[in-house]
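Undergrad: Coordinates in input30.txt, compact mmCIF, C-alpha atoms, are listed below.
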# COMPACT_ATOMS: atom_id res chain seq x y z
CA MET I 1 -56.97 -31.69 97.75
CA THR I 2 -57.59 -29.20 100.55
CA ARG I 3 -60.01 -26.28 100.38
CA ARG I 4 -57.06 -23.87 100.60
CA ARG I 5 -55.42 -25.58 97.64
CA ILE I 6 -58.65 -25.45 95.60
CA LEU I 7 -59.04 -21.74 96.36
CA GLN I 8 -55.40 -21.06 95.44
CA ASN I 9 -55.82 -22.87 92.11
CA ALA I 10 -59.08 -21.08 91.41
CA GLY I 11 -57.34 -17.77 92.16
CA LYS I 12 -54.50 -18.54 89.74
CA TRP I 13 -56.84 -19.55 86.91
CA GLY I 14 -59.05 -16.53 87.60
CA LEU I 15 -56.04 -14.21 87.44
CA ALA I 16 -54.88 -15.86 84.21
CA LEU I 17 -58.34 -15.33 82.68
CA VAL I 18 -58.43 -11.68 83.81
CA LEU I 19 -55.04 -11.11 82.20
CA LEU I 20 -55.82 -13.08 79.02
CA TYR I 21 -59.19 -11.46 78.31
CA PRO I 22 -57.75 -8.05 77.35
CA LEU I 23 -55.33 -9.84 75.00
CA PHE I 24 -58.07 -11.88 73.29
CA ALA I 25 -60.41 -8.86 73.12
CA PHE I 26 -57.71 -6.64 71.57
CA VAL I 27 -56.37 -9.15 69.05
CA GLY I 28 -59.74 -10.64 68.09
CA LYS I 29 -61.60 -7.37 67.48
CA LYS I 30 -62.29 -6.82 63.81
CA ARG I 31 -61.86 -3.31 62.47
CA TYR I 32 -64.57 -3.11 59.81
CA ARG I 33 -63.80 -1.35 56.62
CA PRO I 34 -66.42 0.19 54.37
CA PRO I 35 -67.26 -1.45 51.02
CA ILE I 36 -64.76 -0.76 48.26
CA GLU I 37 -66.00 1.08 45.17
CA VAL I 38 -63.93 0.47 42.05
CA ARG I 39 -64.39 3.10 39.34
CA ILE I 40 -63.95 1.93 35.74
CA ARG I 41 -63.55 4.94 33.46
CA GLU I 42 -64.23 3.31 30.12
CA ARG I 43 -67.36 1.89 28.54
CA LEU I 44 -67.09 -1.66 27.25
CA ALA I 45 -68.54 -2.74 23.94
CA PRO I 46 -71.19 -5.49 24.15
CA GLY I 47 -69.55 -8.94 24.26
CA THR I 48 -66.24 -7.65 25.65
CA HIS I 49 -64.75 -7.82 29.12
CA LEU I 50 -62.21 -6.24 31.46
CA ILE I 51 -60.05 -8.12 33.96
CA GLU I 52 -59.44 -6.26 37.24
CA PRO I 53 -57.40 -7.61 40.19
CA GLU I 54 -60.48 -8.57 42.24
CA PHE I 55 -63.14 -9.17 39.58
CA ALA I 56 -63.87 -9.55 35.87
CA LEU I 57 -66.36 -7.14 34.31
CA PHE I 58 -68.44 -8.36 31.34
CA GLU I 59 -70.64 -6.22 29.14
CA THR I 60 -73.43 -8.62 28.21
CA GLY I 61 -76.41 -8.08 25.95
CA THR I 62 -78.56 -7.38 29.02
CA GLY I 63 -76.14 -5.16 30.93
CA PRO I 64 -72.84 -5.23 32.83
CA MET I 65 -71.92 -8.12 35.14
CA ALA I 66 -68.99 -8.23 37.62
CA VAL I 67 -67.80 -11.69 38.67
CA SER I 68 -65.40 -12.17 41.59
CA ARG I 69 -61.95 -13.56 40.81
CA ARG I 70 -61.61 -15.13 44.28
CA CYS I 71 -61.86 -18.91 44.12
CA THR I 72 -64.63 -20.22 46.38
CA HIS I 73 -62.38 -23.10 47.47
CA LEU I 74 -59.51 -21.35 49.30
CA GLY I 75 -59.49 -17.81 47.92
CA CYS I 76 -56.75 -17.87 45.27
CA ILE I 77 -57.02 -15.33 42.44
CA LEU I 78 -58.50 -16.98 39.33
CA ASN I 79 -57.10 -16.55 35.85
CA TYR I 80 -59.46 -15.84 32.98
CA GLN I 81 -58.82 -18.13 30.02
CA GLU I 82 -59.72 -16.34 26.80
CA ALA I 83 -59.55 -19.56 24.78
CA ASP I 84 -62.61 -21.20 26.34
CA ASP I 85 -64.09 -18.29 28.36
CA THR I 86 -63.52 -19.96 31.72
CA PHE I 87 -61.86 -19.08 35.00
CA LEU I 88 -59.07 -21.41 36.19
CA CYS I 89 -57.68 -21.52 39.73
CA PRO I 90 -53.86 -21.73 39.64
CA CYS I 91 -53.71 -23.26 43.13
CA HIS I 92 -56.00 -26.31 42.96
CA GLN I 93 -57.32 -26.22 39.38
CA SER I 94 -61.02 -25.47 40.00
CA ARG I 95 -62.83 -24.19 36.89
CA PHE I 96 -65.75 -21.78 36.48
CA SER I 97 -67.68 -20.53 33.47
CA TRP I 98 -67.33 -16.87 32.45
CA ASP I 99 -70.46 -15.94 34.44
CA GLY I 100 -69.14 -17.61 37.61
CA LYS I 101 -70.88 -20.99 37.49
CA TYR I 102 -68.90 -23.85 39.03
CA LEU I 103 -67.67 -26.39 36.45
CA SER I 104 -65.11 -28.69 38.09
CA GLY I 105 -62.49 -29.05 40.84
CA PRO I 106 -62.60 -28.83 44.63
CA ALA I 107 -64.40 -25.44 44.87
CA ARG I 108 -68.03 -26.71 44.55
CA LYS I 109 -69.62 -23.24 44.76
CA ASN I 110 -70.34 -20.57 42.15
CA LEU I 111 -68.36 -17.33 42.16
CA PRO I 112 -70.08 -14.34 43.78
CA ARG I 113 -71.17 -11.43 41.62
CA TYR I 114 -70.70 -7.79 42.61
CA PRO I 115 -73.21 -4.97 42.07
CA VAL I 116 -72.39 -2.78 39.06
CA LEU I 117 -73.69 0.78 38.74
CA VAL I 118 -73.73 2.76 35.52
CA PRO I 119 -73.38 6.40 36.63
CA GLU I 120 -75.63 8.86 34.81
CA GLY I 121 -73.87 11.46 32.74
CA ALA I 122 -70.47 9.77 33.04
CA GLU I 123 -68.59 7.15 31.11
CA GLY I 124 -67.86 3.80 32.68
CA TYR I 125 -69.01 1.80 35.68
CA VAL I 126 -68.78 1.63 39.46
CA VAL I 127 -68.30 -1.87 40.87
CA GLU I 128 -69.00 -2.30 44.57
CA ILE I 129 -67.04 -4.97 46.48
CA PRO I 130 -69.14 -5.51 49.60
CA ARG I 131 -67.70 -5.32 53.10
CA GLY I 132 -66.41 -8.64 54.35
CA VAL I 133 -66.00 -10.21 50.93
CA ILE I 134 -62.43 -11.37 50.38
CA MET C 1 -17.06 -32.03 62.51
CA THR C 2 -19.00 -34.44 60.36
CA LEU C 3 -22.10 -33.15 58.66
CA LEU C 4 -25.25 -33.29 60.82
CA ASN C 5 -23.67 -34.98 63.83
CA ARG C 6 -24.90 -32.24 66.18
CA PRO C 7 -28.17 -31.14 64.53
CA GLY C 8 -29.55 -29.44 67.65
CA GLU C 9 -26.53 -27.19 68.04
CA GLN C 10 -26.40 -26.65 64.29
CA ALA C 11 -30.09 -25.65 64.34
CA SER C 12 -29.31 -23.05 67.02
CA ALA C 13 -26.45 -21.73 64.90
CA ALA C 14 -28.69 -21.52 61.81
CA LEU C 15 -31.37 -19.73 63.85
CA LEU C 16 -28.78 -17.18 65.01
CA VAL C 17 -27.75 -16.50 61.40
CA SER C 18 -31.43 -16.33 60.37
CA ILE C 19 -32.27 -13.83 63.14
CA ALA C 20 -29.25 -11.62 62.39
CA SER C 21 -29.85 -11.58 58.62
CA GLY C 22 -33.61 -11.15 59.16
CA LEU C 23 -33.00 -8.04 61.25
CA VAL C 24 -30.85 -6.61 58.47
CA VAL C 25 -33.58 -7.32 55.87
CA ALA C 26 -36.20 -5.81 58.21
CA TYR C 27 -34.53 -2.38 57.94
CA GLN C 28 -35.72 -2.11 54.34
CA TYR C 29 -38.86 -4.29 54.38
CA GLU C 30 -42.26 -2.60 54.56
CA ALA C 31 -45.27 -4.69 55.58
CA ALA C 32 -47.54 -1.97 54.14
CA ASP C 33 -45.88 -2.29 50.73
CA PRO C 34 -44.60 -5.86 50.86
CA PHE C 35 -44.07 -6.84 47.24
CA VAL C 36 -42.49 -3.57 46.12
CA SER C 37 -40.15 -3.50 49.11
CA SER C 38 -39.23 -7.19 48.55
CA VAL C 39 -38.41 -6.51 44.90
CA ALA C 40 -36.43 -3.40 45.92
CA ILE C 41 -34.40 -5.45 48.41
CA GLU C 42 -33.82 -8.13 45.78
CA ALA C 43 -33.03 -5.98 42.77
CA VAL C 44 -32.21 -2.39 43.73
CA LEU C 45 -30.59 -2.08 47.15
CA PRO C 46 -26.85 -2.83 47.48
CA PHE C 47 -26.28 -6.38 48.80
CA GLY C 48 -30.06 -6.74 49.18
CA ALA C 49 -30.18 -10.03 47.26
CA PHE C 50 -27.35 -11.36 49.42
CA TRP C 51 -29.00 -10.46 52.75
CA ARG C 52 -32.32 -11.86 51.55
CA ALA C 53 -30.67 -15.07 50.37
CA LEU C 54 -28.75 -15.43 53.65
CA HIS C 55 -31.99 -15.04 55.60
CA PHE C 56 -33.81 -17.47 53.30
CA TRP C 57 -31.19 -20.22 53.31
CA SER C 58 -30.35 -19.98 57.01
CA SER C 59 -34.07 -20.23 57.80
CA GLN C 60 -34.44 -23.30 55.56
CA ALA C 61 -31.36 -24.80 57.25
CA PHE C 62 -32.80 -24.07 60.68
CA PHE C 63 -36.06 -25.88 59.97
CA ILE C 64 -34.41 -28.90 58.36
CA LEU C 65 -31.81 -29.19 61.17
CA LEU C 66 -34.53 -28.82 63.80
CA ALA C 67 -36.56 -31.60 62.13
CA ILE C 68 -33.47 -33.87 62.08
CA HIS C 69 -32.77 -32.99 65.71
CA ALA C 70 -36.39 -33.82 66.59
CA TRP C 71 -36.19 -37.16 64.79
CA LYS C 72 -32.92 -38.04 66.55
CA SER C 73 -34.41 -37.02 69.90
CA LEU C 74 -36.98 -39.80 69.50
CA GLU C 75 -34.25 -42.11 70.75
CA ASP C 76 -34.54 -40.37 74.15
CA VAL C 77 -38.19 -41.34 74.53
CA GLY C 78 -38.58 -44.27 76.83
CA ARG C 79 -35.46 -43.48 78.83
CA LYS C 80 -35.96 -43.17 82.54
CA GLY C 81 -37.31 -39.76 83.43
CA ASP C 82 -39.04 -38.95 80.15
CA ARG C 83 -42.19 -40.77 81.20
CA GLN C 84 -42.42 -38.76 84.41
CA PRO C 85 -44.94 -35.90 84.36
CA GLY C 86 -42.24 -33.18 84.31
CA GLY C 87 -40.28 -34.89 81.54
CA GLY C 88 -43.44 -35.48 79.47
CA LEU C 89 -44.58 -31.88 79.81
CA GLN C 90 -41.16 -30.62 78.85
CA TRP C 91 -41.25 -32.87 75.78
CA VAL C 92 -44.66 -31.49 74.79
CA LEU C 93 -43.45 -27.89 75.17
CA LEU C 94 -40.30 -28.51 73.14
CA SER C 95 -42.36 -30.34 70.51
CA CYS C 96 -44.26 -27.08 69.97
CA THR C 97 -41.08 -25.60 68.47
CA LEU C 98 -41.61 -27.81 65.38
CA PRO C 99 -44.95 -26.36 64.20
CA MET C 100 -43.74 -22.91 65.30
CA ALA C 101 -40.62 -23.22 63.15
CA LEU C 102 -42.70 -24.43 60.20
CA PHE C 103 -45.14 -21.55 60.59
CA ALA C 104 -42.28 -19.04 60.90
CA LEU C 105 -40.87 -20.42 57.65
CA PHE C 106 -44.30 -20.30 56.03
CA THR C 107 -44.93 -16.68 57.07
CA GLY C 108 -41.58 -15.83 55.48
CA TYR C 109 -42.95 -17.06 52.14
CA VAL C 110 -46.15 -15.05 52.63
CA LEU C 111 -44.29 -11.85 53.58
CA ARG C 112 -42.65 -11.45 50.17
CA TRP C 113 -46.21 -11.19 48.73
CA ASP C 114 -45.37 -12.34 45.24
CA GLY C 115 -47.64 -14.76 43.37
CA THR C 116 -46.68 -17.73 45.57
CA GLY C 117 -46.82 -15.65 48.76
CA GLN C 118 -50.26 -14.22 47.98
CA ALA C 119 -51.72 -17.64 47.19
CA ALA C 120 -50.10 -19.21 50.29
CA GLY C 121 -51.38 -16.43 52.57
CA THR C 122 -54.91 -16.58 51.19
CA ILE C 123 -55.06 -20.37 51.41
CA ALA C 124 -53.74 -20.34 55.00
CA GLU C 125 -56.39 -17.79 55.95
CA HIS C 126 -59.18 -19.89 54.48
CA LEU C 127 -57.82 -23.05 56.14
CA LEU C 128 -57.76 -21.36 59.54
CA LEU C 129 -61.36 -20.22 59.02
CA GLU C 130 -62.33 -23.86 58.39
CA ILE C 131 -61.40 -24.80 61.98
CA PRO C 132 -64.61 -25.14 64.01
CA LEU C 133 -65.13 -22.68 66.89
CA ALA C 134 -61.57 -21.35 67.22
CA GLY C 135 -60.97 -20.71 63.50
CA ARG C 136 -62.03 -17.09 63.39
CA PHE C 137 -59.94 -16.14 66.40
CA LEU C 138 -56.90 -18.08 65.17
CA ASN C 139 -57.17 -16.29 61.86
CA ARG C 140 -57.31 -12.91 63.61
CA LEU C 141 -54.30 -13.93 65.71
CA LEU C 142 -52.09 -15.39 62.98
CA MET C 143 -53.07 -14.26 59.47
CA ALA C 144 -56.12 -12.05 58.64
CA VAL C 145 -54.45 -11.03 55.37
CA SER C 146 -57.73 -10.06 53.72
CA GLU C 147 -58.62 -7.67 56.57
CA GLU C 148 -55.26 -6.41 57.81
CA GLY C 149 -52.81 -6.96 54.98
CA LEU C 150 -49.52 -8.40 56.19
CA THR C 151 -49.33 -6.57 59.53
CA ARG C 152 -50.26 -9.59 61.61
CA VAL C 153 -48.25 -12.03 59.54
CA TYR C 154 -45.20 -9.82 60.11
CA VAL C 155 -45.85 -9.57 63.85
CA VAL C 156 -46.23 -13.36 64.08
CA HIS C 157 -43.07 -13.91 62.00
CA LEU C 158 -41.01 -11.78 64.42
CA LEU C 159 -42.75 -13.09 67.52
CA LEU C 160 -42.25 -16.75 66.58
CA THR C 161 -38.55 -16.17 66.02
CA ALA C 162 -38.21 -14.67 69.49
CA VAL C 163 -40.26 -17.48 71.06
CA LEU C 164 -38.25 -20.16 69.22
CA TRP C 165 -35.00 -18.67 70.43
CA GLY C 166 -36.39 -18.28 73.95
CA MET C 167 -37.72 -21.85 74.14
CA GLY C 168 -34.58 -23.33 72.64
CA THR C 169 -32.24 -21.54 75.02
CA TRP C 170 -34.51 -22.04 78.06
CA TYR C 171 -34.22 -25.80 77.73
CA HIS C 172 -30.71 -26.18 76.40
CA THR C 173 -28.68 -23.52 78.21
CA ARG C 174 -27.73 -25.77 81.09
CA ARG C 175 -27.18 -28.79 78.84
CA VAL C 176 -25.45 -27.67 75.67
CA ILE C 177 -23.49 -24.54 74.89
CA LEU C 178 -23.26 -23.57 71.24
CA LYS C 179 -19.64 -24.16 70.35
CA TRP C 180 -17.72 -21.84 68.06
CA PRO C 181 -16.74 -24.53 65.45
CA VAL C 182 -20.41 -25.53 65.05
CA PHE C 183 -21.51 -21.91 64.60
CA ARG C 184 -18.60 -21.17 62.24
CA ASP C 185 -19.39 -24.15 59.98
CA VAL C 186 -23.13 -23.39 59.78
CA PHE C 187 -22.45 -19.68 59.22
CA LEU C 188 -19.95 -20.32 56.45
CA GLY C 189 -22.23 -22.94 54.88
CA THR C 190 -25.25 -20.63 54.71
CA LEU C 191 -23.02 -17.71 53.66
CA ALA C 192 -21.62 -19.67 50.72
CA THR C 193 -25.11 -20.80 49.71
CA ALA C 194 -26.37 -17.20 49.87
CA VAL C 195 -23.52 -15.99 47.66
CA PHE C 196 -24.28 -18.51 44.92
CA LEU C 197 -28.04 -19.10 45.21
CA ARG C 198 -30.64 -16.35 45.30
CA ALA C 199 -33.79 -16.53 47.39
CA PRO C 200 -36.81 -17.13 45.14
CA ILE C 201 -39.28 -14.40 44.25
CA ASP C 202 -41.77 -14.40 41.36
CA LEU C 203 -43.63 -11.63 39.61
CA PRO C 204 -47.43 -11.69 39.76
CA ASP C 205 -48.44 -13.15 36.42
CA GLU C 206 -52.03 -12.77 35.26
CA PHE C 207 -51.94 -15.97 33.25
CA VAL C 208 -50.08 -18.44 35.42
CA SER C 209 -52.09 -21.65 35.18
CA LEU C 210 -50.39 -23.42 38.09
CA ILE C 211 -48.82 -21.95 41.23
CA LYS C 212 -46.70 -24.36 43.22
CA GLY C 213 -46.46 -23.59 46.92
CA PRO C 214 -43.34 -23.79 49.12
CA TRP C 215 -41.59 -27.20 49.05
CA PHE C 216 -42.96 -28.23 52.42
CA PHE C 217 -46.50 -27.23 51.37
CA LEU C 218 -46.63 -29.17 48.07
CA GLY C 219 -48.12 -32.31 49.65
CA ILE C 220 -50.90 -30.33 51.35
CA GLN C 221 -51.56 -28.45 48.10
CA GLU C 222 -51.96 -31.76 46.29
CA LEU C 223 -54.27 -33.23 48.96
CA LEU C 224 -56.41 -30.07 48.92
CA ARG C 225 -57.36 -30.93 45.33
CA HIS C 226 -58.94 -34.21 46.42
CA LEU C 227 -60.03 -33.96 50.06
CA PRO C 228 -62.13 -31.53 52.14
CA ALA C 229 -60.11 -28.51 53.31
CA LEU C 230 -60.48 -29.26 57.03
CA LEU C 231 -59.13 -32.78 56.56
CA ALA C 232 -56.37 -32.10 54.03
CA GLY C 233 -55.30 -28.67 55.25
CA VAL C 234 -55.74 -28.87 59.03
CA ALA C 235 -56.23 -32.39 60.47
CA TYR C 236 -53.71 -34.22 58.28
CA PRO C 237 -50.82 -31.71 58.68
CA LEU C 238 -51.40 -31.52 62.46
CA THR C 239 -51.25 -35.31 62.89
CA PRO C 240 -47.42 -35.73 62.99
CA PHE C 241 -47.01 -32.84 65.44
CA VAL C 242 -49.62 -34.29 67.79
CA LEU C 243 -48.11 -37.78 67.47
CA TYR C 244 -44.64 -36.42 68.17
CA ALA C 245 -45.74 -34.37 71.18
CA ALA C 246 -47.64 -37.34 72.62
CA MET C 247 -44.71 -39.73 72.19
CA PRO C 248 -43.75 -40.04 75.91
CA PHE C 249 -47.34 -40.95 76.76
CA PHE C 250 -47.48 -43.96 74.41
CA LYS C 251 -47.00 -47.28 76.17
CA LYS C 252 -45.32 -48.55 73.02
CA PRO C 253 -43.24 -45.69 71.52
CA GLY C 254 -42.37 -48.00 68.63
CA LEU C 255 -46.01 -47.91 67.52
CA ALA C 256 -46.05 -44.10 67.51
CA ARG C 257 -42.75 -44.03 65.62
CA GLY C 258 -44.23 -46.40 63.06
CA MET C 259 -47.30 -44.17 62.67
CA LEU C 260 -45.02 -41.15 62.21
CA ALA C 261 -42.99 -42.98 59.59
CA PHE C 262 -46.21 -44.02 57.80
CA TRP C 263 -47.49 -40.42 57.83
CA PHE C 264 -44.14 -39.23 56.49
CA SER C 265 -44.20 -41.74 53.63
CA THR C 266 -47.75 -40.73 52.62
CA TYR C 267 -46.71 -37.07 52.72
CA CYS C 268 -43.66 -37.78 50.56
CA GLY C 269 -46.00 -39.46 48.05
CA ALA C 270 -48.37 -36.49 48.00
CA THR C 271 -45.40 -34.08 47.68
CA LEU C 272 -44.04 -36.06 44.76
CA ALA C 273 -47.44 -35.99 43.03
CA GLY C 274 -47.68 -32.20 43.59
CA TRP C 275 -44.11 -31.65 42.40
CA MET C 276 -44.67 -33.62 39.17
CA ARG C 277 -47.69 -31.52 38.11
Would you write out, as structure tokens, the structure that this file holds?
TA:
Amino acid sequence: MTRRRILQNAGKWGLALVLLYPLFAFVGKKRYRPPIEVRIRERLAPGTHLIEPEFALFETGTGPMAVSRRCTHLGCILNYQEADDTFLCPCHQSRFSWDGKYLSGPARKNLPRYPVLVPEGAEGYVVEIPRGVI
Amino acid sequence: MTLLNRPGEQASAALLVSIASGLVVAYQYEAADPFVSSVAIEAVLPFGAFWRALHFWSSQAFFILLAIHAWKSLEDVGRKGDRQPGGGLQWVLLSCTLPMALFALFTGYVLRWDGTGQAAGTIAEHLLLEIPLAGRFLNRLLMAVSEEGLTRVYVVHLLLTAVLWGMGTWYHTRRVILKWPVFRDVFLGTLATAVFLRAPIDLPDEFVSLIKGPWFFLGIQELLRHLPALLAGVAYPLTPFVLYAAMPFFKKPGLARGMLAFWFSTYCGATLAGWMR
């Protein structure tokens, strides 16, 4: 291969990279969103729970606890089974205890918990879904 | 014309019907409000269920006909010319239409955003993120449903259709011209199917204990229960596409064909196990 040919090829690849970089930079850039605050406007009695689209909120003897409903295997929304107080994944059948501990199936990891605030002077809770959690 | 004697041409005809009906559906579909607009198209808008069904069934027909066409084209491998660098490269490029068609079909399931669509989209996103190094970028390019909703899935769905049409016509224009009887038969076949069979859509149910994915995804869904996600959801499904694309480079194409047939039989077994759950 001649020097001219090598330079021509290098020029073509260089031009392709120059043109592709703006595409990769534009498409790949993540637009961050702030954390999501979910306001629950009712107070739960001890021992009861509330199922929200992204999490389940439990009022325990020691305070409120929000457990994610996203399966730690591949992200499907878990169903809460009242009969045995467990979460069941409808996609690949992983199971978790009510407080998010892994029991069986391909998931292998516990469910994340979300911070729960009890606002002073107001009924209910504020559950914070952190940025980046899906 | 006997059934399936010209699958390549029939696939082009089905793709034409799919594109035309998809453009009609797109007038009322909203990526920002996917499930509500899908239900509105299905249940409220005049002829909405028909247009949706025509798009659904013609797209299914396109993928199945393309797969049959691809299988029949294996007979061409080994003929003089296909082993030459140009012929091999052309084969590789045309082989890319198979995973593209499958992904276009898959994004169609995701776009309706019902229970099956949501689960399929979320699983696909997590599988892409499992891919070492390139996973994050591929997810941003193709899915990113948790960050962007269905915007990117919709873009990819439209883009893939255009690319499939472009690649198909680029290669075939000088070789085969879509004949009217072929188009008429495929059009009437998908039209009749759309009149009698509705495209599926399910309501999000809080207490569904088992979601079954699209028919072509059932085998992967089953394997994901037993094997690591990268193996069951990425490496295994990519294997037949890589084998197929590499076919002209095998010294013994019969060996590659045998490996493809073996993969296909294992996938049929996994699909059957998933279907029987």
Undergrad: What are the residues of chain C lining chain I at 10 Å or less? Count only C-alpha atoms, and put the answer as a PDB file with C-alpha atoms, in the coordinates of the input.
TA:
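See out.pdb below for the written result:
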ATOM      1  CA  GLY C 115     -47.640 -14.760  43.370  1.00  0.00           C
ATOM      2  CA  THR C 116     -46.680 -17.730  45.570  1.00  0.00           C
ATOM      3  CA  GLN C 118     -50.260 -14.220  47.980  1.00  0.00           C
ATOM      4  CA  ALA C 119     -51.720 -17.640  47.190  1.00  0.00           C
ATOM      5  CA  ALA C 120     -50.100 -19.210  50.290  1.00  0.00           C
ATOM      6  CA  GLY C 121     -51.380 -16.430  52.570  1.00  0.00           C
ATOM      7  CA  THR C 122     -54.910 -16.580  51.190  1.00  0.00           C
ATOM      8  CA  ILE C 123     -55.060 -20.370  51.410  1.00  0.00           C
ATOM      9  CA  ALA C 124     -53.740 -20.340  55.000  1.00  0.00           C
ATOM     10  CA  GLU C 125     -56.390 -17.790  55.950  1.00  0.00           C
ATOM     11  CA  HIS C 126     -59.180 -19.890  54.480  1.00  0.00           C
ATOM     12  CA  LEU C 127     -57.820 -23.050  56.140  1.00  0.00           C
ATOM     13  CA  LEU C 129     -61.360 -20.220  59.020  1.00  0.00           C
ATOM     14  CA  GLU C 130     -62.330 -23.860  58.390  1.00  0.00           C
ATOM     15  CA  ARG C 136     -62.030 -17.090  63.390  1.00  0.00           C
ATOM     16  CA  PHE C 137     -59.940 -16.140  66.400  1.00  0.00           C
ATOM     17  CA  LEU C 138     -56.900 -18.080  65.170  1.00  0.00           C
ATOM     18  CA  ASN C 139     -57.170 -16.290  61.860  1.00  0.00           C
ATOM     19  CA  ARG C 140     -57.310 -12.910  63.610  1.00  0.00           C
ATOM     20  CA  LEU C 141     -54.300 -13.930  65.710  1.00  0.00           C
ATOM     21  CA  LEU C 142     -52.090 -15.390  62.980  1.00  0.00           C
ATOM     22  CA  ALA C 144     -56.120 -12.050  58.640  1.00  0.00           C
ATOM     23  CA  VAL C 145     -54.450 -11.030  55.370  1.00  0.00           C
ATOM     24  CA  SER C 146     -57.730 -10.060  53.720  1.00  0.00           C
ATOM     25  CA  GLU C 147     -58.620  -7.670  56.570  1.00  0.00           C
ATOM     26  CA  GLU C 148     -55.260  -6.410  57.810  1.00  0.00           C
ATOM     27  CA  ARG C 152     -50.260  -9.590  61.610  1.00  0.00           C
ATOM     28  CA  ASP C 205     -48.440 -13.150  36.420  1.00  0.00           C
ATOM     29  CA  GLU C 206     -52.030 -12.770  35.260  1.00  0.00           C
ATOM     30  CA  PHE C 207     -51.940 -15.970  33.250  1.00  0.00           C
ATOM     31  CA  VAL C 208     -50.080 -18.440  35.420  1.00  0.00           C
ATOM     32  CA  SER C 209     -52.090 -21.650  35.180  1.00  0.00           C
ATOM     33  CA  LEU C 210     -50.390 -23.420  38.090  1.00  0.00           C
ATOM     34  CA  ILE C 211     -48.820 -21.950  41.230  1.00  0.00           C
ATOM     35  CA  LYS C 212     -46.700 -24.360  43.220  1.00  0.00           C
ATOM     36  CA  GLY C 213     -46.460 -23.590  46.920  1.00  0.00           C
ATOM     37  CA  GLN C 221     -51.560 -28.450  48.100  1.00  0.00           C
ATOM     38  CA  GLU C 222     -51.960 -31.760  46.290  1.00  0.00           C
ATOM     39  CA  LEU C 223     -54.270 -33.230  48.960  1.00  0.00           C
ATOM     40  CA  LEU C 224     -56.410 -30.070  48.920  1.00  0.00           C
ATOM     41  CA  ARG C 225     -57.360 -30.930  45.330  1.00  0.00           C
ATOM     42  CA  HIS C 226     -58.940 -34.210  46.420  1.00  0.00           C
ATOM     43  CA  LEU C 227     -60.030 -33.960  50.060  1.00  0.00           C
ATOM     44  CA  PRO C 228     -62.130 -31.530  52.140  1.00  0.00           C
ATOM     45  CA  ALA C 229     -60.110 -28.510  53.310  1.00  0.00           C
TER      46      ALA C 229
END
Undergrad: Name the closest residue to Glu52 (chain I) among the candidates I:Leu103, I:Glu120, I:Val127, I:Pro64; distances are taken between atoms, counting only C-alpha atoms.
TA: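 Checking each of I:Leu103, I:Glu120, I:Val127, I:Pro64 against Glu52 (chain I), counting only C-alpha atoms, the winner is I:Val127.
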Undergrad: Pick the closest to Ile68 (chain C) from C:Leu102, C:Arg6, C:Leu272, C:Val24: which is it, counting only C-alpha atoms?
TA: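 Of all the options, C:Arg6 lies closest to Ile68 (chain C).
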Undergrad: In Å, with one decimal, what is the gap from CA of His172 (chain C) to CA of Cys96 (chain C)?
TA: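 Interatomic distance here is 15.0 Å.
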Undergrad: Please determine, counting only C-alpha atoms, which residue among I:Glu42, I:Asp99, I:Asp84, I:Glu37 has the shortest atom-to-atom distance to Ala56 (chain I).
TA: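 Looking only at the distances to Ala56 (chain I), the closest residue turns out to be I:Asp99.
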Undergrad: Quick one, how far is CA of Leu111 (chain I) from CA of Ile129 (chain I)?
TA: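 A separation of 13.2 Å between them.
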